[in-house]
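**Q** One structure follows; several queries about it will come next.
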Amino acid sequence: MLKGKTAIVTGGTRGIGFSIVKTYLDNGANVALLGSRKESVDKALDKLSEYKDRVMGLWPNLTDPEEVKTAFEEVRDRFGRIDILANNAGISSKTSIYDFTLDEFEKVMDINVTAVFVCTQAAARIMKEQGGGVIICTSSMVGEYGQPSGCAYPASKFAVNGLVKSLSRELAKDGIRVNAVAPGVTRTDMLANLPKEMVDRVSAGIPLGRVGEPEDIANAYLFLASDMASYITGLVVKVDGAART
């Protein structure tokens, strides 16, 4: 579905991001996976040795426009173009409003919002020159419904949704589609460390009767990146098993 295309995936070293990387590679794309540290990037690349000619890894500071610009140009220089940006990097928080520090709040917003802006701007400039592209952001079900603590995380995802809605209109004239995927409860490292009875309890509240797998989210990323979604932009796709609380 993505043969001949080049994708950048931020937060691509584990969890949902790594699954997006693997799904894109399996569907013929060249992929640059971005992580926070060289060590985590190298570890991820070791797992992708069968794709070594089509995958590369970088670890820029995603909130630094110059570092991101340099990294994206390096990807373009190696693979010839950038067709897809998957803005997946993010951090969460469960801190109560009574204990939230400004430093923690700003850290969440920096990674979840500022980095999305910086990476989207850098990718859009390249995509405009080459005649178009696709930008997909990771939102969350709490970006619509909120959550009972850790207000910075849902606030950041509300902001991501706003960027997607606005930029889809602004960038349409340049042939750039902008969408988001909003996962529900997904089996990432955090969930995997929970007791089975707790996971079962969470699953029971989801109409489809199970938590999501990283591949479920990656498949939505695949569809939105492909030409099958060529008339879809400005959409936040919920991949949550109909969970609504």
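Convention: chains lettered A, B, ... in structure tokens order; per-chain residue numbering from 1; ligands numbered from 1 as shown.
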Can you tell me, as a ChimeraX atom specification, what residues are no more than 8 Å from region 228-243 of chain A when counting only C-alpha atoms, ignoring any on the same chain fewer than 6 positions away?
**A** /A:139-141,161,164-169,177-185,205-212,216-217,220
**Q** With C-alpha atoms kept, could you save the residues just selected as a PDB file, in the first residue's frame?
**A**
```
ATOM      1  CA  SER A 139      -4.394  11.894  19.508  1.00  0.00           C
ATOM      2  CA  SER A 140      -6.274   9.983  22.227  1.00  0.00           C
ATOM      3  CA  MET A 141      -9.783   9.117  23.321  1.00  0.00           C
ATOM      4  CA  ASN A 161      -7.046  17.782  17.427  1.00  0.00           C
ATOM      5  CA  VAL A 164      -5.280  18.735  12.746  1.00  0.00           C
ATOM      6  CA  LYS A 165      -8.609  20.449  12.047  1.00  0.00           C
ATOM      7  CA  SER A 166      -6.949  23.785  11.242  1.00  0.00           C
ATOM      8  CA  LEU A 167      -3.951  22.530   9.279  1.00  0.00           C
ATOM      9  CA  SER A 168      -6.083  20.219   7.165  1.00  0.00           C
ATOM     10  CA  ARG A 169      -7.782  23.345   5.833  1.00  0.00           C
ATOM     11  CA  ARG A 177      -3.636  15.816   3.986  1.00  0.00           C
ATOM     12  CA  VAL A 178      -3.685  16.081   7.801  1.00  0.00           C
ATOM     13  CA  ASN A 179      -5.489  13.575  10.027  1.00  0.00           C
ATOM     14  CA  ALA A 180      -5.227  12.044  13.495  1.00  0.00           C
ATOM     15  CA  VAL A 181      -5.727   8.650  15.079  1.00  0.00           C
ATOM     16  CA  ALA A 182      -7.227   8.577  18.585  1.00  0.00           C
ATOM     17  CA  PRO A 183      -6.394   5.281  20.313  1.00  0.00           C
ATOM     18  CA  GLY A 184      -8.347   3.957  23.238  1.00  0.00           C
ATOM     19  CA  VAL A 185      -6.827   1.638  25.837  1.00  0.00           C
ATOM     20  CA  GLY A 205     -15.975  -1.909  29.931  1.00  0.00           C
ATOM     21  CA  ILE A 206     -15.118  -1.825  26.220  1.00  0.00           C
ATOM     22  CA  PRO A 207     -18.017  -2.890  23.947  1.00  0.00           C
ATOM     23  CA  LEU A 208     -15.725  -4.971  21.733  1.00  0.00           C
ATOM     24  CA  GLY A 209     -14.590  -6.797  24.870  1.00  0.00           C
ATOM     25  CA  ARG A 210     -10.829  -6.311  24.604  1.00  0.00           C
ATOM     26  CA  VAL A 211      -8.137  -3.686  24.759  1.00  0.00           C
ATOM     27  CA  GLY A 212      -6.529  -2.550  21.540  1.00  0.00           C
ATOM     28  CA  ASP A 216      -4.913  -2.002  15.524  1.00  0.00           C
ATOM     29  CA  ILE A 217      -3.622   1.559  15.748  1.00  0.00           C
ATOM     30  CA  ALA A 220      -5.410   3.014  10.932  1.00  0.00           C
TER      31      ALA A 220
END
```
**Q** Mind listing the strand (DSSP E) residues of region 2-237 of chain A, per DSSP on the backbone, as a PyMOL selection string?
**A** chain A and resi 6-10+30-34+55-58+84-87+133-138+176-183+236-237
**Q** Could you save those same residues with N, CA and C atoms as a JSON list (two decimals), in the first residue's frame?
**A**
```
[["chain", "number", "residue", "atom", "x", "y", "z"],
["A", 6, "THR", "N", 8.11, 7.35, 1.37],
["A", 6, "THR", "CA", 9.02, 7.50, 2.50],
["A", 6, "THR", "C", 8.27, 8.11, 3.67],
["A", 7, "ALA", "N", 8.43, 7.50, 4.84],
["A", 7, "ALA", "CA", 7.74, 7.95, 6.04],
["A", 7, "ALA", "C", 8.72, 8.27, 7.16],
["A", 8, "ILE", "N", 8.37, 9.26, 7.97],
["A", 8, "ILE", "CA", 9.06, 9.55, 9.22],
["A", 8, "ILE", "C", 8.08, 9.24, 10.34],
["A", 9, "VAL", "N", 8.54, 8.48, 11.34],
["A", 9, "VAL", "CA", 7.69, 8.14, 12.49],
["A", 9, "VAL", "C", 8.40, 8.60, 13.75],
["A", 10, "THR", "N", 7.82, 9.59, 14.44],
["A", 10, "THR", "CA", 8.40, 10.02, 15.71],
["A", 10, "THR", "C", 7.88, 9.10, 16.82],
["A", 30, "ASN", "N", 9.87, 3.22, 2.70],
["A", 30, "ASN", "CA", 11.12, 3.53, 3.39],
["A", 30, "ASN", "C", 10.74, 4.28, 4.66],
["A", 31, "VAL", "N", 11.42, 3.99, 5.77],
["A", 31, "VAL", "CA", 11.01, 4.59, 7.04],
["A", 31, "VAL", "C", 12.21, 5.11, 7.82],
["A", 32, "ALA", "N", 12.05, 6.32, 8.34],
["A", 32, "ALA", "CA", 12.98, 6.87, 9.33],
["A", 32, "ALA", "C", 12.27, 6.86, 10.66],
["A", 33, "LEU", "N", 12.78, 6.10, 11.62],
["A", 33, "LEU", "CA", 12.18, 6.08, 12.95],
["A", 33, "LEU", "C", 12.97, 7.02, 13.85],
["A", 34, "LEU", "N", 12.24, 7.85, 14.57],
["A", 34, "LEU", "CA", 12.87, 8.84, 15.45],
["A", 34, "LEU", "C", 12.58, 8.48, 16.90],
["A", 55, "VAL", "N", 15.34, 1.33, 6.14],
["A", 55, "VAL", "CA", 15.04, 1.96, 7.42],
["A", 55, "VAL", "C", 16.28, 2.65, 7.97],
["A", 56, "MET", "N", 16.06, 3.77, 8.63],
["A", 56, "MET", "CA", 17.14, 4.51, 9.28],
["A", 56, "MET", "C", 16.60, 5.06, 10.59],
["A", 57, "GLY", "N", 17.50, 5.47, 11.48],
["A", 57, "GLY", "CA", 17.08, 5.99, 12.76],
["A", 57, "GLY", "C", 17.79, 7.29, 13.12],
["A", 58, "LEU", "N", 17.07, 8.19, 13.77],
["A", 58, "LEU", "CA", 17.61, 9.48, 14.19],
["A", 58, "LEU", "C", 17.03, 9.83, 15.56],
["A", 84, "ILE", "N", 5.22, 10.92, 4.10],
["A", 84, "ILE", "CA", 4.38, 10.69, 5.27],
["A", 84, "ILE", "C", 5.11, 11.12, 6.53],
["A", 85, "LEU", "N", 4.44, 11.86, 7.38],
["A", 85, "LEU", "CA", 4.94, 12.14, 8.73],
["A", 85, "LEU", "C", 3.93, 11.57, 9.72],
["A", 86, "ALA", "N", 4.39, 10.69, 10.60],
["A", 86, "ALA", "CA", 3.57, 10.16, 11.68],
["A", 86, "ALA", "C", 4.04, 10.80, 12.98],
["A", 87, "ASN", "N", 3.30, 11.79, 13.45],
["A", 87, "ASN", "CA", 3.61, 12.48, 14.71],
["A", 87, "ASN", "C", 3.11, 11.63, 15.87],
["A", 133, "GLY", "N", 1.70, 15.46, 0.37],
["A", 133, "GLY", "CA", 2.10, 14.48, 1.36],
["A", 133, "GLY", "C", 0.99, 14.25, 2.37],
["A", 134, "VAL", "N", 1.31, 13.47, 3.39],
["A", 134, "VAL", "CA", 0.33, 13.10, 4.41],
["A", 134, "VAL", "C", 0.95, 13.29, 5.79],
["A", 135, "ILE", "N", 0.22, 13.94, 6.69],
["A", 135, "ILE", "CA", 0.64, 14.11, 8.07],
["A", 135, "ILE", "C", -0.43, 13.49, 8.96],
["A", 136, "ILE", "N", -0.01, 12.62, 9.85],
["A", 136, "ILE", "CA", -0.94, 11.93, 10.77],
["A", 136, "ILE", "C", -0.42, 12.10, 12.19],
["A", 137, "CYS", "N", -1.30, 12.47, 13.10],
["A", 137, "CYS", "CA", -0.91, 12.71, 14.49],
["A", 137, "CYS", "C", -1.60, 11.72, 15.41],
["A", 138, "THR", "N", -0.91, 11.33, 16.47],
["A", 138, "THR", "CA", -1.53, 10.49, 17.48],
["A", 138, "THR", "C", -2.25, 11.36, 18.49],
["A", 176, "ILE", "N", -1.51, 18.52, 0.81],
["A", 176, "ILE", "CA", -1.09, 17.86, 2.05],
["A", 176, "ILE", "C", -2.32, 17.52, 2.88],
["A", 177, "ARG", "N", -2.53, 16.25, 3.13],
["A", 177, "ARG", "CA", -3.64, 15.82, 3.99],
["A", 177, "ARG", "C", -3.17, 15.72, 5.43],
["A", 178, "VAL", "N", -4.03, 16.11, 6.38],
["A", 178, "VAL", "CA", -3.68, 16.08, 7.80],
["A", 178, "VAL", "C", -4.82, 15.41, 8.57],
["A", 179, "ASN", "N", -4.50, 14.31, 9.24],
["A", 179, "ASN", "CA", -5.49, 13.58, 10.03],
["A", 179, "ASN", "C", -4.88, 13.15, 11.36],
["A", 180, "ALA", "N", -5.70, 12.57, 12.21],
["A", 180, "ALA", "CA", -5.23, 12.04, 13.50],
["A", 180, "ALA", "C", -5.87, 10.70, 13.76],
["A", 181, "VAL", "N", -5.19, 9.91, 14.58],
["A", 181, "VAL", "CA", -5.73, 8.65, 15.08],
["A", 181, "VAL", "C", -5.83, 8.78, 16.60],
["A", 182, "ALA", "N", -6.99, 8.47, 17.14],
["A", 182, "ALA", "CA", -7.23, 8.58, 18.58],
["A", 182, "ALA", "C", -7.38, 7.19, 19.18],
["A", 183, "PRO", "N", -6.29, 6.62, 19.72],
["A", 183, "PRO", "CA", -6.39, 5.28, 20.31],
["A", 183, "PRO", "C", -7.18, 5.31, 21.62],
["A", 236, "VAL", "N", -10.33, 12.98, 12.83],
["A", 236, "VAL", "CA", -9.75, 12.30, 14.00],
["A", 236, "VAL", "C", -10.42, 10.93, 14.08],
["A", 237, "VAL", "N", -9.68, 9.90, 13.73],
["A", 237, "VAL", "CA", -10.23, 8.54, 13.66],
["A", 237, "VAL", "C", -10.11, 7.87, 15.02]]
```
**Q** Among region 25-218 of chain A, which residues carry a DSSP assignment of alpha helix (DSSP H), reported as JSON, numbers by chain?
**A** {"A": [25, 26, 38, 39, 40, 41, 42, 43, 44, 45, 46, 65, 66, 67, 68, 69, 70, 71, 72, 73, 74, 75, 76, 77, 78, 79, 102, 103, 104, 105, 106, 107, 108, 109, 115, 116, 117, 118, 119, 120, 121, 122, 123, 124, 125, 126, 127, 128, 129, 130, 142, 143, 144, 145, 152, 153, 154, 155, 156, 157, 158, 159, 160, 161, 162, 163, 164, 165, 166, 167, 168, 169, 170, 171, 189, 190, 191, 192, 196, 197, 198, 199, 200, 201, 202, 203, 204, 214, 215, 216, 217, 218]}
**Q** Can you pull out the residues contacting Val116 (chain A)? Cut-off 9 Å, using only C-alpha atoms, and skip same-chain residues under 2 positions away; I want them as a PDB file with N, CA, C and O atoms, in the first residue's frame.
**A**
```
ATOM      1  N   LEU A  62      12.871  17.027  19.295  1.00  0.00           N
ATOM      2  CA  LEU A  62      11.712  17.325  18.461  1.00  0.00           C
ATOM      3  C   LEU A  62      11.139  18.715  18.702  1.00  0.00           C
ATOM      4  O   LEU A  62      10.284  19.162  17.937  1.00  0.00           O
ATOM      5  N   THR A  63      11.580  19.391  19.742  1.00  0.00           N
ATOM      6  CA  THR A  63      11.110  20.756  19.999  1.00  0.00           C
ATOM      7  C   THR A  63      12.084  21.800  19.484  1.00  0.00           C
ATOM      8  O   THR A  63      11.843  23.001  19.650  1.00  0.00           O
ATOM      9  N   ASN A  87       3.298  11.789  13.448  1.00  0.00           N
ATOM     10  CA  ASN A  87       3.613  12.477  14.707  1.00  0.00           C
ATOM     11  C   ASN A  87       3.109  11.634  15.873  1.00  0.00           C
ATOM     12  O   ASN A  87       2.007  11.829  16.380  1.00  0.00           O
ATOM     13  N   ASN A  88       3.924  10.687  16.312  1.00  0.00           N
ATOM     14  CA  ASN A  88       3.471   9.750  17.335  1.00  0.00           C
ATOM     15  C   ASN A  88       4.104   9.973  18.705  1.00  0.00           C
ATOM     16  O   ASN A  88       3.553   9.535  19.710  1.00  0.00           O
ATOM     17  N   ALA A  89       5.238  10.654  18.776  1.00  0.00           N
ATOM     18  CA  ALA A  89       5.919  10.835  20.062  1.00  0.00           C
ATOM     19  C   ALA A  89       5.016  11.547  21.056  1.00  0.00           C
ATOM     20  O   ALA A  89       4.317  12.501  20.707  1.00  0.00           O
ATOM     21  N   ASP A 110       5.230  20.377  25.735  1.00  0.00           N
ATOM     22  CA  ASP A 110       6.365  20.461  24.801  1.00  0.00           C
ATOM     23  C   ASP A 110       6.408  19.251  23.875  1.00  0.00           C
ATOM     24  O   ASP A 110       6.523  19.390  22.649  1.00  0.00           O
ATOM     25  N   ILE A 111       6.329  18.043  24.459  1.00  0.00           N
ATOM     26  CA  ILE A 111       6.440  16.831  23.652  1.00  0.00           C
ATOM     27  C   ILE A 111       5.170  16.569  22.846  1.00  0.00           C
ATOM     28  O   ILE A 111       5.225  16.170  21.675  1.00  0.00           O
ATOM     29  N   ASN A 112       4.025  16.814  23.461  1.00  0.00           N
ATOM     30  CA  ASN A 112       2.765  16.432  22.827  1.00  0.00           C
ATOM     31  C   ASN A 112       2.202  17.473  21.874  1.00  0.00           C
ATOM     32  O   ASN A 112       1.390  17.141  21.010  1.00  0.00           O
ATOM     33  N   VAL A 113       2.606  18.739  22.033  1.00  0.00           N
ATOM     34  CA  VAL A 113       2.052  19.796  21.180  1.00  0.00           C
ATOM     35  C   VAL A 113       3.149  20.526  20.410  1.00  0.00           C
ATOM     36  O   VAL A 113       3.122  20.589  19.182  1.00  0.00           O
ATOM     37  N   THR A 114       4.125  21.080  21.134  1.00  0.00           N
ATOM     38  CA  THR A 114       5.187  21.838  20.461  1.00  0.00           C
ATOM     39  C   THR A 114       5.925  20.973  19.443  1.00  0.00           C
ATOM     40  O   THR A 114       6.186  21.408  18.318  1.00  0.00           O
ATOM     41  N   VAL A 118       6.409  21.642  15.480  1.00  0.00           N
ATOM     42  CA  VAL A 118       7.741  21.773  14.871  1.00  0.00           C
ATOM     43  C   VAL A 118       7.928  20.753  13.748  1.00  0.00           C
ATOM     44  O   VAL A 118       8.385  21.095  12.643  1.00  0.00           O
ATOM     45  N   CYS A 119       7.577  19.496  14.015  1.00  0.00           N
ATOM     46  CA  CYS A 119       7.759  18.454  13.002  1.00  0.00           C
ATOM     47  C   CYS A 119       6.824  18.645  11.815  1.00  0.00           C
ATOM     48  O   CYS A 119       7.221  18.444  10.658  1.00  0.00           O
ATOM     49  N   THR A 120       5.593  19.059  12.095  1.00  0.00           N
ATOM     50  CA  THR A 120       4.642  19.290  11.012  1.00  0.00           C
ATOM     51  C   THR A 120       5.102  20.427  10.116  1.00  0.00           C
ATOM     52  O   THR A 120       5.015  20.338   8.884  1.00  0.00           O
ATOM     53  N   GLN A 121       5.604  21.494  10.710  1.00  0.00           N
ATOM     54  CA  GLN A 121       6.086  22.623   9.917  1.00  0.00           C
ATOM     55  C   GLN A 121       7.235  22.207   9.011  1.00  0.00           C
ATOM     56  O   GLN A 121       7.260  22.541   7.814  1.00  0.00           O
ATOM     57  N   CYS A 137      -1.300  12.468  13.097  1.00  0.00           N
ATOM     58  CA  CYS A 137      -0.913  12.710  14.486  1.00  0.00           C
ATOM     59  C   CYS A 137      -1.603  11.718  15.409  1.00  0.00           C
ATOM     60  O   CYS A 137      -2.751  11.329  15.165  1.00  0.00           O
ATOM     61  N   VAL A 160      -3.818  18.906  19.873  1.00  0.00           N
ATOM     62  CA  VAL A 160      -3.476  18.153  18.660  1.00  0.00           C
ATOM     63  C   VAL A 160      -4.672  18.098  17.716  1.00  0.00           C
ATOM     64  O   VAL A 160      -4.539  18.323  16.503  1.00  0.00           O
ATOM     65  N   LEU A 163      -4.989  21.400  15.992  1.00  0.00           N
ATOM     66  CA  LEU A 163      -3.993  21.556  14.932  1.00  0.00           C
ATOM     67  C   LEU A 163      -4.407  20.787  13.680  1.00  0.00           C
ATOM     68  O   LEU A 163      -4.304  21.288  12.556  1.00  0.00           O
TER      69      LEU A 163
END
```
**Q** Which polymer residues have any atom within 12 Å of an atom of Asp42 (chain A), counting only C-alpha atoms, with same-chain residues fewer than 3 positions away left out, as a compact mmCIF listing (two decimals) with N, CA and C atoms, in the first residue's frame?
**A**
```txt
# COMPACT_ATOMS: atom_id res chain seq x y z
N GLY A 12 9.16 6.26 17.42
CA GLY A 12 9.06 5.02 16.66
C GLY A 12 9.84 3.85 17.22
N THR A 13 10.35 3.96 18.44
CA THR A 13 11.22 2.90 18.96
C THR A 13 10.49 1.81 19.70
N ARG A 14 9.24 2.06 20.13
CA ARG A 14 8.52 1.03 20.89
C ARG A 14 7.01 1.28 20.80
N LEU A 33 12.78 6.10 11.62
CA LEU A 33 12.18 6.08 12.95
C LEU A 33 12.97 7.02 13.85
N LEU A 34 12.24 7.85 14.57
CA LEU A 34 12.87 8.84 15.45
C LEU A 34 12.58 8.48 16.90
N GLY A 35 13.61 8.57 17.72
CA GLY A 35 13.48 8.30 19.15
C GLY A 35 14.17 9.36 19.96
N SER A 36 14.06 9.26 21.27
CA SER A 36 14.63 10.28 22.15
C SER A 36 16.11 10.08 22.41
N ARG A 37 16.60 8.83 22.26
CA ARG A 37 18.00 8.53 22.56
C ARG A 37 18.58 7.59 21.51
N LYS A 38 19.88 7.74 21.27
CA LYS A 38 20.55 6.87 20.31
C LYS A 38 20.41 5.40 20.71
N GLU A 39 20.50 5.13 22.02
CA GLU A 39 20.44 3.75 22.49
C GLU A 39 19.11 3.10 22.14
N LEU A 45 16.32 -0.49 15.71
CA LEU A 45 16.87 -0.86 14.40
C LEU A 45 17.37 -2.30 14.37
N ASP A 46 17.90 -2.77 15.51
CA ASP A 46 18.36 -4.16 15.58
C ASP A 46 17.23 -5.14 15.32
N LYS A 47 16.01 -4.76 15.70
CA LYS A 47 14.85 -5.62 15.50
C LYS A 47 14.34 -5.57 14.06
N LEU A 48 14.89 -4.64 13.28
CA LEU A 48 14.41 -4.44 11.92
C LEU A 48 15.51 -4.72 10.89
N SER A 49 16.42 -5.61 11.25
CA SER A 49 17.60 -5.86 10.40
C SER A 49 17.21 -6.36 9.01
N LYS A 52 17.03 -3.45 6.52
CA LYS A 52 18.11 -2.49 6.75
C LYS A 52 18.32 -1.50 5.61
N VAL A 55 15.34 1.33 6.14
CA VAL A 55 15.04 1.96 7.42
C VAL A 55 16.28 2.65 7.97
N MET A 56 16.06 3.77 8.63
CA MET A 56 17.14 4.51 9.28
C MET A 56 16.60 5.06 10.59
N GLY A 57 17.50 5.47 11.48
CA GLY A 57 17.08 5.99 12.76
C GLY A 57 17.79 7.29 13.12
N LEU A 58 17.07 8.19 13.77
CA LEU A 58 17.61 9.48 14.19
C LEU A 58 17.03 9.83 15.56
N TRP A 59 17.69 10.75 16.25
CA TRP A 59 17.23 11.11 17.59
C TRP A 59 17.34 12.62 17.84
```
**Q** Which residues are close to Glu213 (chain A), i.e. within 8 Å by only C-alpha atoms, leaving aside same-chain residues fewer than 5 positions away? Reply as JSON, numbers by chain.
**A** {"A": [186, 187, 188]}
**Q** Taking 6 positions as the minimum chain separation for residues in the same chain, which residues sit within 10 Å of Gly80 (chain A) when counting only C-alpha atoms? Answer as a list in words.
**A** Lys5, Thr6, Glu73 and Glu74 of chain A
**Q** Please determine, counting only C-alpha atoms, which residue among A:Ile91, A:Val21, A:Ala225, A:Ala204 has the shortest atom-to-atom distance to Gly150 (chain A).
**A**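 Result for the nearest residue to Gly150 (chain A): A:Ile91.
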**Q** Tell me, as an NGL selection string, which residues lie within 9 Å of Ser96 (chain A), counting only C-alpha atoms; anything in the same chain fewer than 6 positions away does not count.
**A** :A and (148-151)
**Q** I'd like the interatomic distance between CA of Glu170 (chain A) and CA of Ala155 (chain A), to a tenth of an Å.
**A**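 Computing the Euclidean distance for CA of Glu170 (chain A) and CA of Ala155 (chain A) yields 22.5 Å.
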